[in-house]
Amino acid sequence: MKGIIFTGLLLLSTTLSAASDALVQLDISKGDIAGQRAGIMKAISGSEYSELADANRLELYRQLDAIEQNPSAAERNLASQKRANDILATGYADSRLICRQVKEIGSNMSKRSCMTVAAKRRAAEKAKFDKATPIRIN
């Protein structure tokens, strides 16, 4: 009986934590743009959007401002909503943490190594650039 209750509580806590880490999207059809904007600002200040670039942040702010300033321009607001949601989805995907077990050279013990998707991409690009750049010896 205790095991069933414990399993139920574990599933409930996992569901609640997964709901708080979910992708945030703007939906102008629901109304309350100011409330949704506050939720988006709270979400992008957290770790779920840590890899959201400054240029993308500014673009997101511009899109949200455009929607709030002219709520009657439905077609333009739908385009702004799509752009804002694309920025949020990209930032969320890039900020996802990937962990793996790595054995360091000279050791039999493995160590947990975690990187965001964007950091992993930057490391791969740097490695490709370093490999392509010839070493100059004077």
# chains A, B, ... in the order shown; residues from 1 in each chain; ligands from 1
>>> residues_around(residues="segment 117-128 of chain A", least_positions_apart="4", cutoff="12 Å", atoms="only C-alpha atoms", output="JSON, numbers by chain")
{"A": [48, 49, 50, 51, 52, 53, 90, 91, 92, 93, 94, 95, 96, 97, 98, 99, 113, 132, 133, 134]}
>>> select_by_dssp(residues="segment 50-111 of chain A", states="helix (DSSP H, G or I)", output="ChimeraX atom specification")
/A:54-69,74-94
>>> residues_around(residues="Arg112 of chain A", least_positions_apart="3", cutoff="8 Å", atoms="only C-alpha atoms", output="list in words")
Cys99, Arg100, Gln101 and Val102 of chain A
>>> select_by_dssp(residues="chain A", states="strand (DSSP E or B)", output="ChimeraX atom specification")
/A:97-103,110-116
>>> atom_distance(atom1="atom CA of Arg57 of chain A", atom2="atom CA of Leu88 of chain A")
9.1 Å
>>> closest_residue(among="A:Gln81, A:Asn108, A:Ser29, A:Thr116", to="Leu60 of chain A", atoms="only C-alpha atoms")
A:Gln81
>>> closest_residue(among="A:Leu58, A:Leu78, A:Ala66, A:Ala73", to="Leu26 of chain A", atoms="only C-alpha atoms")
A:Leu78
